[in-house]
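Listing of model.cif; format and content: mmCIF, C-alpha atoms and all ligand atoms.
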data_model
loop_
_atom_site.label_atom_id
_atom_site.label_comp_id
_atom_site.auth_asym_id
_atom_site.auth_seq_id
_atom_site.Cartn_x
_atom_site.Cartn_y
_atom_site.Cartn_z
CA MET A 1 122.60 145.25 119.37
CA GLN A 2 120.14 143.65 121.74
CA LYS A 3 118.21 142.35 118.72
CA ALA A 4 121.35 140.67 117.38
CA ILE A 5 121.90 138.88 120.70
CA LEU A 6 118.30 137.72 120.76
CA LEU A 7 118.64 136.37 117.23
CA THR A 8 121.81 134.51 118.15
CA VAL A 9 120.10 132.98 121.18
CA ALA A 10 117.08 132.00 119.07
CA ALA A 11 119.33 130.39 116.45
CA GLY A 12 121.18 128.52 119.18
CA ILE A 13 117.94 127.14 120.59
CA ALA A 14 116.79 126.14 117.11
CA ILE A 15 120.03 124.25 116.44
CA GLY A 16 119.79 122.62 119.87
CA LEU A 17 116.24 121.47 119.19
CA ALA A 18 117.12 120.13 115.75
CA GLY A 19 119.99 118.20 117.34
CA THR A 20 117.65 116.67 119.93
CA ALA A 21 115.16 115.68 117.24
CA LEU A 22 117.93 114.00 115.27
CA THR A 23 119.20 112.03 118.27
CA PHE A 24 115.64 110.99 119.05
CA ALA A 25 115.03 109.80 115.50
CA GLN A 26 118.18 107.70 115.63
CA THR A 27 117.60 106.07 119.00
CA ALA A 28 113.81 105.89 119.31
CA PRO A 29 112.48 102.31 119.25
CA ARG A 30 110.35 101.38 116.26
CA SER A 31 106.69 101.97 116.93
CA PRO A 32 104.25 99.13 116.15
CA SER A 33 102.96 101.11 113.20
CA ASP A 34 106.42 101.66 111.72
CA SER A 35 105.70 101.45 108.01
CA SER A 36 109.16 100.53 106.72
CA LEU A 37 111.11 97.29 106.35
CA ARG A 38 114.89 97.05 106.47
CA PRO A 39 116.29 95.88 103.11
CA ALA A 40 117.57 92.29 103.18
CA ALA A 41 121.04 93.47 102.09
CA SER A 42 121.39 95.61 105.21
CA PHE A 43 121.75 92.42 107.32
CA SER A 44 124.97 91.38 105.56
CA ASN A 45 127.08 92.94 108.33
CA ILE A 46 125.97 90.18 110.75
CA ALA A 47 128.84 87.74 110.32
CA ASN A 48 127.30 84.68 111.97
CA GLU A 49 124.91 83.07 109.49
CA ARG A 50 122.49 81.76 112.09
CA ASP A 51 122.30 85.14 113.84
CA ARG A 52 121.72 86.76 110.46
CA SER A 53 118.88 84.33 109.69
CA VAL A 54 117.24 85.02 113.06
CA ALA A 55 117.55 88.78 112.53
CA LEU A 56 115.95 88.46 109.06
CA PHE A 57 112.99 86.53 110.46
CA THR A 58 112.59 89.05 113.28
CA GLU A 59 112.30 91.79 110.64
CA MET A 60 109.76 89.67 108.70
CA ALA A 61 107.70 89.40 111.87
CA LYS A 62 106.85 93.10 111.56
CA VAL A 63 104.68 92.03 108.63
CA LEU A 64 103.42 88.73 110.07
CA GLN A 65 102.31 90.41 113.31
CA HIS A 66 100.78 93.42 111.57
CA PRO A 67 96.98 93.71 111.91
CA ARG A 68 96.57 93.21 108.13
CA CYS A 69 97.88 89.66 108.46
CA MET A 70 97.01 88.89 112.08
CA ASN A 71 93.29 89.73 111.69
CA CYS A 72 92.96 86.69 109.38
CA HIS A 73 95.29 84.41 111.37
CA PRO A 74 93.50 84.63 114.76
CA ALA A 75 93.71 82.24 117.70
CA THR A 76 89.94 81.84 117.84
CA GLU A 77 87.22 80.96 115.32
CA ARG A 78 86.50 84.64 114.77
CA PRO A 79 88.38 87.12 112.55
CA ARG A 80 89.38 90.56 113.78
CA GLN A 81 88.91 93.95 112.17
CA GLY A 82 90.78 97.18 111.73
CA ASP A 83 94.09 98.55 112.94
CA ALA A 84 92.95 98.07 116.57
CA ARG A 85 92.22 94.39 115.86
CA ARG A 86 88.77 94.39 117.43
CA LEU A 87 86.57 91.26 117.15
CA HIS A 88 84.78 90.98 113.80
CA GLU A 89 81.29 92.51 113.85
CA PRO A 90 78.91 90.95 113.07
CA LEU A 91 79.88 87.63 114.63
CA VAL A 92 81.23 85.36 111.94
CA VAL A 93 83.18 82.12 112.36
CA ARG A 94 85.74 80.17 110.39
CA GLY A 95 83.37 77.37 109.42
CA LYS A 96 84.66 74.09 108.11
CA ASP A 97 86.78 75.49 105.27
CA GLY A 98 87.52 79.06 106.42
CA HIS A 99 84.70 80.54 104.33
CA GLY A 100 82.26 80.94 107.21
CA ALA A 101 79.18 79.15 108.47
CA PRO A 102 76.38 78.24 106.04
CA GLY A 103 74.22 81.32 105.46
CA MET A 104 76.99 83.61 106.77
CA ASN A 105 79.70 83.05 104.21
CA CYS A 106 82.48 85.60 103.87
CA THR A 107 81.28 86.32 100.33
CA THR A 108 77.89 87.48 101.68
CA CYS A 109 79.68 90.76 102.42
CA HIS A 110 83.23 90.56 101.07
CA GLY A 111 83.37 91.04 97.30
CA LYS A 112 86.05 90.22 94.77
CA GLN A 113 87.82 93.49 95.56
CA ASN A 114 87.84 96.23 98.17
CA TYR A 115 84.59 98.18 98.29
CA ASP A 116 85.77 101.53 99.59
CA PRO A 117 82.40 103.37 99.86
CA ALA A 118 81.44 100.93 102.66
CA ARG A 119 85.05 100.22 103.71
CA ILE A 120 84.59 96.49 103.14
CA PRO A 121 87.79 94.75 102.14
CA GLY A 122 87.58 92.17 99.37
CA ASP A 123 89.35 89.51 97.34
CA GLY A 124 88.14 86.58 95.26
CA HIS A 125 89.47 84.11 97.86
CA TRP A 126 88.47 85.90 101.07
CA ALA A 127 88.62 83.32 103.89
CA LEU A 128 89.97 82.83 107.39
CA ALA A 129 93.30 81.01 107.75
CA PRO A 130 92.99 77.47 109.20
CA ALA A 131 93.38 77.11 112.98
CA SER A 132 96.78 75.40 112.51
CA MET A 133 98.02 78.67 110.97
CA ALA A 134 96.93 80.87 113.89
CA TRP A 135 99.63 83.39 114.84
CA GLU A 136 97.73 85.50 117.35
CA GLY A 137 99.15 85.33 120.88
CA LYS A 138 102.30 83.49 119.76
CA THR A 139 105.90 84.61 120.09
CA VAL A 140 107.96 85.36 116.99
CA GLY A 141 109.92 82.13 117.61
CA GLN A 142 106.71 80.07 117.85
CA ILE A 143 105.32 81.62 114.66
CA CYS A 144 108.61 80.81 112.91
CA GLU A 145 108.62 77.12 114.00
CA GLN A 146 104.97 76.78 113.01
CA LEU A 147 105.53 78.39 109.60
CA LYS A 148 108.22 75.81 108.84
CA ASP A 149 106.15 72.83 110.03
CA PRO A 150 104.53 71.06 107.03
CA ASN A 151 101.97 69.51 109.40
CA ARG A 152 100.64 72.97 110.18
CA ASN A 153 101.54 75.18 107.20
CA GLY A 154 99.56 73.46 104.43
CA SER A 155 102.31 70.91 103.56
CA ARG A 156 104.73 73.54 102.28
CA ASP A 157 108.51 73.48 102.19
CA VAL A 158 110.39 76.78 102.55
CA PRO A 159 110.39 77.53 98.78
CA GLY A 160 106.63 76.82 98.86
CA LEU A 161 106.23 79.37 101.66
CA ILE A 162 108.16 81.97 99.66
CA LYS A 163 105.98 81.27 96.64
CA HIS A 164 102.85 81.68 98.79
CA VAL A 165 103.84 85.03 100.30
CA THR A 166 104.98 86.46 96.97
CA THR A 167 102.00 85.36 94.86
CA ASP A 168 98.93 84.68 97.06
CA SER A 169 96.29 87.36 96.57
CA LEU A 170 95.27 87.45 100.27
CA VAL A 171 98.88 88.08 101.29
CA LEU A 172 99.28 90.78 98.63
CA TRP A 173 96.01 92.37 99.79
CA GLY A 174 97.91 93.27 102.99
CA TRP A 175 99.65 96.02 101.02
CA ASN A 176 96.48 97.13 99.24
CA PRO A 177 93.88 97.08 102.01
CA GLY A 178 91.57 99.90 100.86
CA VAL A 179 90.59 103.07 102.68
CA GLY A 180 90.85 103.35 106.45
CA ARG A 181 93.41 100.57 106.92
CA GLU A 182 97.14 100.83 107.34
CA PRO A 183 99.04 98.71 104.77
CA ALA A 184 101.53 96.10 106.03
CA PRO A 185 105.08 97.49 106.45
CA GLY A 186 107.41 97.83 103.47
CA THR A 187 106.49 96.35 100.09
CA PRO A 188 105.68 92.78 98.98
CA ALA A 189 109.02 92.70 97.11
CA GLU A 190 110.96 93.74 100.24
CA PHE A 191 109.11 91.14 102.32
CA GLY A 192 109.79 88.43 99.71
CA ALA A 193 113.49 89.39 99.61
CA LEU A 194 113.74 89.13 103.41
CA MET A 195 112.16 85.68 103.31
CA GLN A 196 114.47 84.54 100.50
CA SER A 197 117.53 85.71 102.49
CA TRP A 198 116.14 83.99 105.59
CA ALA A 199 115.87 80.76 103.56
CA ASP A 200 119.36 81.22 102.09
CA THR A 201 120.82 81.55 105.61
CA GLY A 202 119.26 78.29 106.82
CA ALA A 203 115.77 79.52 107.85
CA ALA A 204 116.72 79.72 111.54
CA CYS A 205 114.13 80.68 114.16
CA PRO A 206 114.46 83.07 117.12
CA ALA A 207 114.69 81.25 120.48
CA SER A 208 111.56 83.02 121.74
C1 LIG B 1 77.67 90.38 107.39
C2 LIG B 1 78.80 90.89 106.63
C3 LIG B 1 80.17 90.23 106.78
C4 LIG B 1 80.44 88.87 106.72
C5 LIG B 1 79.50 87.69 106.53
C6 LIG B 1 81.88 88.78 106.88
N1 LIG B 1 82.43 90.02 107.02
FE1 LIG B 1 84.38 90.45 107.35
N2 LIG B 1 83.98 92.44 107.39
C7 LIG B 1 82.73 92.99 107.19
C8 LIG B 1 82.85 94.44 107.20
C9 LIG B 1 81.71 95.43 107.02
C10 LIG B 1 84.21 94.73 107.44
C11 LIG B 1 84.85 96.10 107.58
C12 LIG B 1 84.71 96.59 108.97
C13 LIG B 1 85.65 97.70 109.28
O1 LIG B 1 86.86 97.44 109.30
O2 LIG B 1 85.19 98.80 109.51
C14 LIG B 1 84.87 93.44 107.56
C15 LIG B 1 86.22 93.31 107.82
C16 LIG B 1 86.88 92.11 107.89
C17 LIG B 1 88.28 91.95 108.20
C18 LIG B 1 89.21 93.07 108.58
C19 LIG B 1 90.33 93.32 107.66
C20 LIG B 1 91.30 94.28 108.33
O3 LIG B 1 92.50 93.94 108.41
O4 LIG B 1 90.88 95.32 108.81
C21 LIG B 1 88.56 90.62 108.15
C22 LIG B 1 89.89 89.96 108.40
C23 LIG B 1 87.34 89.93 107.79
N3 LIG B 1 86.35 90.86 107.66
C24 LIG B 1 87.26 88.58 107.63
C25 LIG B 1 86.07 87.92 107.35
C26 LIG B 1 86.00 86.50 107.11
C27 LIG B 1 87.18 85.57 107.10
C28 LIG B 1 84.68 86.20 106.90
C29 LIG B 1 84.07 84.85 106.67
C30 LIG B 1 84.42 83.82 107.65
C31 LIG B 1 83.94 87.46 107.02
N4 LIG B 1 84.83 88.48 107.27
C32 LIG B 1 82.58 87.58 106.88
C33 LIG B 1 81.56 92.30 107.00
C34 LIG B 1 81.42 90.93 106.95
C1 LIG B 2 91.55 87.49 104.30
C2 LIG B 2 92.31 86.62 105.14
C3 LIG B 2 93.81 86.58 105.07
C4 LIG B 2 94.68 87.62 105.13
C5 LIG B 2 94.34 89.10 105.14
C6 LIG B 2 96.01 87.07 105.19
N1 LIG B 2 95.95 85.71 105.16
FE1 LIG B 2 97.52 84.41 105.20
N2 LIG B 2 96.24 82.85 104.93
C7 LIG B 2 94.88 82.94 104.77
C8 LIG B 2 94.35 81.64 104.40
C9 LIG B 2 92.89 81.32 104.09
C10 LIG B 2 95.45 80.76 104.35
C11 LIG B 2 95.43 79.28 103.95
C12 LIG B 2 95.66 79.21 102.46
C13 LIG B 2 96.36 77.97 101.99
O1 LIG B 2 96.88 77.18 102.78
O2 LIG B 2 96.47 77.83 100.75
C14 LIG B 2 96.63 81.55 104.69
C15 LIG B 2 97.91 81.04 104.75
C16 LIG B 2 99.05 81.78 104.89
C17 LIG B 2 100.39 81.25 104.90
C18 LIG B 2 100.73 79.77 104.75
C19 LIG B 2 101.53 79.15 105.85
C20 LIG B 2 101.10 79.32 107.26
O3 LIG B 2 101.54 78.51 108.12
O4 LIG B 2 100.39 80.28 107.61
C21 LIG B 2 101.24 82.31 105.03
C22 LIG B 2 102.76 82.27 105.09
C23 LIG B 2 100.43 83.50 105.09
N3 LIG B 2 99.10 83.16 105.02
C24 LIG B 2 100.95 84.78 105.18
C25 LIG B 2 100.17 85.94 105.26
C26 LIG B 2 100.73 87.28 105.35
C27 LIG B 2 102.20 87.61 105.39
C28 LIG B 2 99.66 88.13 105.39
C29 LIG B 2 99.68 89.62 105.47
C30 LIG B 2 100.52 90.37 104.55
C31 LIG B 2 98.45 87.32 105.30
N4 LIG B 2 98.79 85.99 105.25
C32 LIG B 2 97.16 87.83 105.28
C33 LIG B 2 94.12 84.08 104.95
C34 LIG B 2 94.62 85.36 105.07
#
Turn the structure described in the file into C-alpha cells.
Amino acid sequence: MQKAILLTVAAGIAIGLAGTALTFAQTAPRSPSDSSLRPAASFSNIANERDRSVALFTEMAKVLQHPRCMNCHPATERPRQGDARRLHEPLVVRGKDGHGAPGMNCTTCHGKQNYDPARIPGDGHWALAPASMAWEGKTVGQICEQLKDPNRNGSRDVPGLIKHVTTDSLVLWGWNPGVGREPAPGTPAEFGALMQSWADTGAACPAS
C-alpha cells in the first residue's frame, strides 16, 4: 500500500518536472549558439509588410553575427578565431587586398580546403573582408543599412547580395567549417530563403 503511494508521488513529481521542462523550452530566450533558423514561411503571419521584412532580417542576423561570419568581417585589420572570437594568432593583417601582408599571406597557412588534423580552415579564396564590410561592433540595423549600400558592399544590388550569399564559397564555408568549430545556424538554403523573402518584402532594416 505504502509502495503504491510512493509510486504515485514519484509519478506526480516526474510529470511536474516534465511540465516545467516543456514550459522552459517554450519560453526560454534563444541562446547565442542556437543552431536553428526559423523558416521564411513562418513569418507570413506578420500582416504588416515592413514589420515582416524587419523580422526576416533580424532572423538573418543570427547568421551574420555568428562567429563563422563575424571572424572574417572584423572591425580591425586583424581576423578573429574560433567560437570565442579571440584575436587571430599569429598576428596577421588584412593587407591591401584582404590576403594579408607580403610574406604573411593567408595562403601561407590556409589551404584550398579545411585541414582537420591541424584544425586549419581553408578555401581557395581565403581572405579577410574589406574594412567597408566590417560588421563587428555594429547593431543589426547598422549592418542591414551597410549591406544595402553599394558604396560599401562591393557595388551590389539586393539580388547581387542574394547571389553572393547563396553561391560564394567563403559564405558557404560557414556551414562546413571543419572540426572544432560550430557551423552557422540553419542551412545555406534556409538563409538564402530568408534573404529572398526579406528582398520580396522591400528589404527593410531594423531601426537599431
Ligand atoms: C601563420 C599561419 C596563418 C596565417 C598566415 C593566417 N592564418 Fe588564419 N588561422 C591559422 C590557424 C592555425 C587557424 C586555426 C586556429 C584555431 O581556430 O584553432 C586560423 C584560423 C583563422 C580563422 C578562424 C575561422 C573561425 O571562424 O574559427 C580566420 C577567420 C582566419 N584564420 C583568417 C585568416 C586570414 C584572413 C588570413 C590572411 C589575412 C589568415 N587567417 C592568415 C593560421 C594562419
Ligand atoms: C574567410 C573569410 C570570410 C568568411 C568566413 C566569411 N566572409 Fe563574407 N566576405 C569575405 C570577403 C573577402 C568578402 C568580399 C568579397 C567580395 O566583395 O567579392 C566578403 C563579402 C561578403 C558579403 C558582401 C557584402 C557585404 O557588405 O559584406 C556578404 C553579404 C558576406 N560576405 C556574407 C558572409 C556570411 C553570411 C558569412 C558567414 C556564413 C561570411 N560572409 C563569411 C570574407 C569572408
| request: Compute the set of protein, DNA and RNA residues whose minimum atom distance to ligand LIG 2 (chain B) is at most 8 Å, using all atoms listed in the file, and state it as a VMD selection string. | output: chain A and resid 63 to 64 66 68 to 73 98 122 to 123 125 to 130 132 to 135 146 to 149 152 to 154 156 161 to 162 164 to 165 170 to 175 184 188
File of the preceding selection, C-alpha atoms, as an mmCIF file, in the coordinates of the input:
data_model
loop_
_atom_site.group_PDB
_atom_site.id
_atom_site.type_symbol
_atom_site.label_atom_id
_atom_site.label_comp_id
_atom_site.auth_asym_id
_atom_site.auth_seq_id
_atom_site.Cartn_x
_atom_site.Cartn_y
_atom_site.Cartn_z
ATOM 1 C CA VAL A 63 104.680 92.030 108.630
ATOM 2 C CA LEU A 64 103.420 88.730 110.070
ATOM 3 C CA HIS A 66 100.780 93.420 111.570
ATOM 4 C CA ARG A 68 96.570 93.210 108.130
ATOM 5 C CA CYS A 69 97.880 89.660 108.460
ATOM 6 C CA MET A 70 97.010 88.890 112.080
ATOM 7 C CA ASN A 71 93.290 89.730 111.690
ATOM 8 C CA CYS A 72 92.960 86.690 109.380
ATOM 9 C CA HIS A 73 95.290 84.410 111.370
ATOM 10 C CA GLY A 98 87.520 79.060 106.420
ATOM 11 C CA GLY A 122 87.580 92.170 99.370
ATOM 12 C CA ASP A 123 89.350 89.510 97.340
ATOM 13 C CA HIS A 125 89.470 84.110 97.860
ATOM 14 C CA TRP A 126 88.470 85.900 101.070
ATOM 15 C CA ALA A 127 88.620 83.320 103.890
ATOM 16 C CA LEU A 128 89.970 82.830 107.390
ATOM 17 C CA ALA A 129 93.300 81.010 107.750
ATOM 18 C CA PRO A 130 92.990 77.470 109.200
ATOM 19 C CA SER A 132 96.780 75.400 112.510
ATOM 20 C CA MET A 133 98.020 78.670 110.970
ATOM 21 C CA ALA A 134 96.930 80.870 113.890
ATOM 22 C CA TRP A 135 99.630 83.390 114.840
ATOM 23 C CA GLN A 146 104.970 76.780 113.010
ATOM 24 C CA LEU A 147 105.530 78.390 109.600
ATOM 25 C CA LYS A 148 108.220 75.810 108.840
ATOM 26 C CA ASP A 149 106.150 72.830 110.030
ATOM 27 C CA ARG A 152 100.640 72.970 110.180
ATOM 28 C CA ASN A 153 101.540 75.180 107.200
ATOM 29 C CA GLY A 154 99.560 73.460 104.430
ATOM 30 C CA ARG A 156 104.730 73.540 102.280
ATOM 31 C CA LEU A 161 106.230 79.370 101.660
ATOM 32 C CA ILE A 162 108.160 81.970 99.660
ATOM 33 C CA HIS A 164 102.850 81.680 98.790
ATOM 34 C CA VAL A 165 103.840 85.030 100.300
ATOM 35 C CA LEU A 170 95.270 87.450 100.270
ATOM 36 C CA VAL A 171 98.880 88.080 101.290
ATOM 37 C CA LEU A 172 99.280 90.780 98.630
ATOM 38 C CA TRP A 173 96.010 92.370 99.790
ATOM 39 C CA GLY A 174 97.910 93.270 102.990
ATOM 40 C CA TRP A 175 99.650 96.020 101.020
ATOM 41 C CA ALA A 184 101.530 96.100 106.030
ATOM 42 C CA PRO A 188 105.680 92.780 98.980
#
| request: Go ahead and compute the interatomic distance for CA of Gly111 (chain A) and CA of Ala131 (chain A), in Å to one decimal. | output: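 Answer for the CA of Gly111 (chain A) to CA of Ala131 (chain A) separation: 23.2 Å.
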Using all atoms listed in the file, what table do you get, as JSON lines, when you list each residue of chain A with an atom no more than 8 Å from ligand LIG 1 (chain B), its nearest pair of atoms, and their distance in Å rounded to one decimal, rows by chain then rising number?
{"residue": "A:Pro67", "atom": "CA", "partner": "B:LIG1", "partner_atom": "O3", "distance": 5.7}
{"residue": "A:Arg68", "atom": "CA", "partner": "B:LIG1", "partner_atom": "O3", "distance": 4.1}
{"residue": "A:Cys69", "atom": "CA", "partner": "B:LIG1", "partner_atom": "O3", "distance": 6.9}
{"residue": "A:Met70", "atom": "CA", "partner": "B:LIG1", "partner_atom": "O3", "distance": 7.7}
{"residue": "A:Asn71", "atom": "CA", "partner": "B:LIG1", "partner_atom": "C22", "distance": 4.7}
{"residue": "A:Cys72", "atom": "CA", "partner": "B:LIG1", "partner_atom": "C22", "distance": 4.6}
{"residue": "A:Arg78", "atom": "CA", "partner": "B:LIG1", "partner_atom": "C30", "distance": 7.5}
{"residue": "A:Pro79", "atom": "CA", "partner": "B:LIG1", "partner_atom": "C22", "distance": 5.3}
{"residue": "A:Arg80", "atom": "CA", "partner": "B:LIG1", "partner_atom": "C22", "distance": 5.4}
{"residue": "A:Gln81", "atom": "CA", "partner": "B:LIG1", "partner_atom": "C18", "distance": 3.7}
{"residue": "A:Gly82", "atom": "CA", "partner": "B:LIG1", "partner_atom": "O4", "distance": 3.5}
{"residue": "A:Asp83", "atom": "CA", "partner": "B:LIG1", "partner_atom": "O4", "distance": 6.1}
{"residue": "A:Arg85", "atom": "CA", "partner": "B:LIG1", "partner_atom": "O4", "distance": 7.2}
{"residue": "A:His88", "atom": "CA", "partner": "B:LIG1", "partner_atom": "N3", "distance": 6.3}
{"residue": "A:Glu89", "atom": "CA", "partner": "B:LIG1", "partner_atom": "C7", "distance": 6.8}
{"residue": "A:Pro90", "atom": "CA", "partner": "B:LIG1", "partner_atom": "C1", "distance": 5.8}
{"residue": "A:Val92", "atom": "CA", "partner": "B:LIG1", "partner_atom": "C30", "distance": 5.6}
{"residue": "A:Val93", "atom": "CA", "partner": "B:LIG1", "partner_atom": "C30", "distance": 5.2}
{"residue": "A:Arg94", "atom": "CA", "partner": "B:LIG1", "partner_atom": "C30", "distance": 4.8}
{"residue": "A:Gly95", "atom": "CA", "partner": "B:LIG1", "partner_atom": "C30", "distance": 6.8}
{"residue": "A:Gly98", "atom": "CA", "partner": "B:LIG1", "partner_atom": "C30", "distance": 5.8}
{"residue": "A:His99", "atom": "CA", "partner": "B:LIG1", "partner_atom": "C30", "distance": 4.7}
{"residue": "A:Gly100", "atom": "CA", "partner": "B:LIG1", "partner_atom": "C30", "distance": 3.6}
{"residue": "A:Ala101", "atom": "CA", "partner": "B:LIG1", "partner_atom": "C30", "distance": 7.1}
{"residue": "A:Met104", "atom": "CA", "partner": "B:LIG1", "partner_atom": "C5", "distance": 4.8}
{"residue": "A:Asn105", "atom": "CA", "partner": "B:LIG1", "partner_atom": "C5", "distance": 5.2}
{"residue": "A:Cys106", "atom": "CA", "partner": "B:LIG1", "partner_atom": "C29", "distance": 3.3}
{"residue": "A:Thr107", "atom": "CA", "partner": "B:LIG1", "partner_atom": "C5", "distance": 6.6}
{"residue": "A:Thr108", "atom": "CA", "partner": "B:LIG1", "partner_atom": "C5", "distance": 5.1}
{"residue": "A:Cys109", "atom": "CA", "partner": "B:LIG1", "partner_atom": "C2", "distance": 4.3}
{"residue": "A:His110", "atom": "CA", "partner": "B:LIG1", "partner_atom": "N1", "distance": 6.0}
{"residue": "A:Ala118", "atom": "CA", "partner": "B:LIG1", "partner_atom": "C9", "distance": 7.0}
{"residue": "A:Arg119", "atom": "CA", "partner": "B:LIG1", "partner_atom": "C11", "distance": 5.7}
{"residue": "A:Ile120", "atom": "CA", "partner": "B:LIG1", "partner_atom": "C11", "distance": 4.5}
{"residue": "A:Pro121", "atom": "CA", "partner": "B:LIG1", "partner_atom": "C15", "distance": 6.1}
{"residue": "A:Trp126", "atom": "CA", "partner": "B:LIG1", "partner_atom": "C27", "distance": 6.2}
{"residue": "A:Ala127", "atom": "CA", "partner": "B:LIG1", "partner_atom": "C27", "distance": 4.2}
{"residue": "A:Leu128", "atom": "CA", "partner": "B:LIG1", "partner_atom": "C27", "distance": 3.9}
{"residue": "A:Ala129", "atom": "CA", "partner": "B:LIG1", "partner_atom": "C27", "distance": 7.7}
{"residue": "A:Gly174", "atom": "CA", "partner": "B:LIG1", "partner_atom": "O3", "distance": 7.7}
{"residue": "A:Pro177", "atom": "CA", "partner": "B:LIG1", "partner_atom": "O3", "distance": 7.3}
{"residue": "A:Gly180", "atom": "CA", "partner": "B:LIG1", "partner_atom": "O1", "distance": 7.7}
{"residue": "A:Arg181", "atom": "CA", "partner": "B:LIG1", "partner_atom": "O4", "distance": 6.1}
| field | Nearby residues (all atoms listed in the file) at most 7 Å from Val54 (chain A), same-chain spacing under 6 positions excluded, as a PyMOL selection string | value | chain A and resi 204-206
| task | Return the single residue from A:Pro150, A:Ser169, A:Thr139, A:Arg52 that is closest to Gln113 (chain A), with distances computed using only C-alpha atoms. | result |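 Checking each candidate against Gln113 (chain A), we get A:Ser169 as the closest.
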| query | Leaving out region 37-47 of chain A and any residue of its chain fewer than 3 positions from it, which residues lie within 9 Å of it when counting all atoms listed in the file, given as a list in words? | reply | Asp34, Arg50, Asp51, Arg52, Ser53, Ala55, Leu56, Glu59, Met60, Lys62, Val63, Pro185, Gly186, Thr187, Glu190, Phe191, Ala193, Leu194, Met195, Gln196, Ser197 and Trp198 of chain A
| request: Find, counting all atoms listed in the file, the residue in A:Leu87, A:Ala203, A:Lys112, A:Gly137 that gets nearest to Asp157 (chain A). | output: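 Looking only at the distances to Asp157 (chain A), the closest residue turns out to be A:Ala203.
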| said: Report, in Å with one decimal, the straight-line distance from CA of Ala207 (chain A) to CA of Thr167 (chain A). | reply: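 About the pair CA of Ala207 (chain A) and CA of Thr167 (chain A): they are 28.9 Å apart.
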| said: Which residue is closest to Ala199 (chain A)? Choose from A:Ser155, A:Ala61, A:Gly160, A:Asp116 and count only C-alpha atoms. | reply: A:Gly160
For region 145-162 of chain A, which lacks atoms in the input, supply N, CA and C atoms and format the output as a compact mmCIF listing (two decimals), keeping the file's coordinate frame.
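Output file out.txt follows:
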# COMPACT_ATOMS: atom_id res chain seq x y z
N GLU A 145 108.61 78.59 114.00
CA GLU A 145 108.62 77.12 114.00
C GLU A 145 107.37 76.58 113.31
N GLN A 146 106.24 77.22 113.58
CA GLN A 146 104.97 76.78 113.01
C GLN A 146 104.95 76.96 111.49
N LEU A 147 105.49 78.11 111.05
CA LEU A 147 105.53 78.39 109.60
C LEU A 147 106.32 77.33 108.86
N LYS A 148 107.36 76.79 109.52
CA LYS A 148 108.22 75.81 108.84
C LYS A 148 107.68 74.39 108.93
N ASP A 149 106.65 74.18 109.75
CA ASP A 149 106.15 72.83 110.03
C ASP A 149 105.11 72.41 108.98
N PRO A 150 105.47 71.46 108.10
CA PRO A 150 104.53 71.06 107.03
C PRO A 150 103.22 70.49 107.56
N ASN A 151 103.22 70.01 108.82
CA ASN A 151 101.97 69.51 109.40
C ASN A 151 101.00 70.64 109.73
N ARG A 152 101.52 71.85 109.81
CA ARG A 152 100.64 72.97 110.18
C ARG A 152 100.56 74.05 109.11
N ASN A 153 101.48 74.04 108.13
CA ASN A 153 101.54 75.18 107.20
C ASN A 153 100.93 74.89 105.83
N GLY A 154 100.14 73.80 105.73
CA GLY A 154 99.56 73.46 104.43
C GLY A 154 100.54 72.66 103.58
N SER A 155 101.34 71.82 104.24
CA SER A 155 102.31 70.91 103.56
C SER A 155 103.28 71.64 102.65
N ARG A 156 103.79 72.76 103.12
CA ARG A 156 104.73 73.54 102.28
C ARG A 156 106.16 73.36 102.77
N ASP A 157 107.11 73.33 101.81
CA ASP A 157 108.51 73.48 102.19
C ASP A 157 108.83 74.98 102.14
N VAL A 158 110.08 75.34 102.49
CA VAL A 158 110.39 76.78 102.55
C VAL A 158 110.20 77.48 101.19
N PRO A 159 110.68 76.87 100.07
CA PRO A 159 110.39 77.53 98.78
C PRO A 159 108.88 77.69 98.54
N GLY A 160 108.09 76.72 99.00
CA GLY A 160 106.63 76.82 98.86
C GLY A 160 106.07 77.99 99.67
N LEU A 161 106.66 78.23 100.84
CA LEU A 161 106.23 79.37 101.66
C LEU A 161 106.54 80.69 100.94
N ILE A 162 107.76 80.75 100.37
CA ILE A 162 108.16 81.97 99.66
C ILE A 162 107.21 82.21 98.48
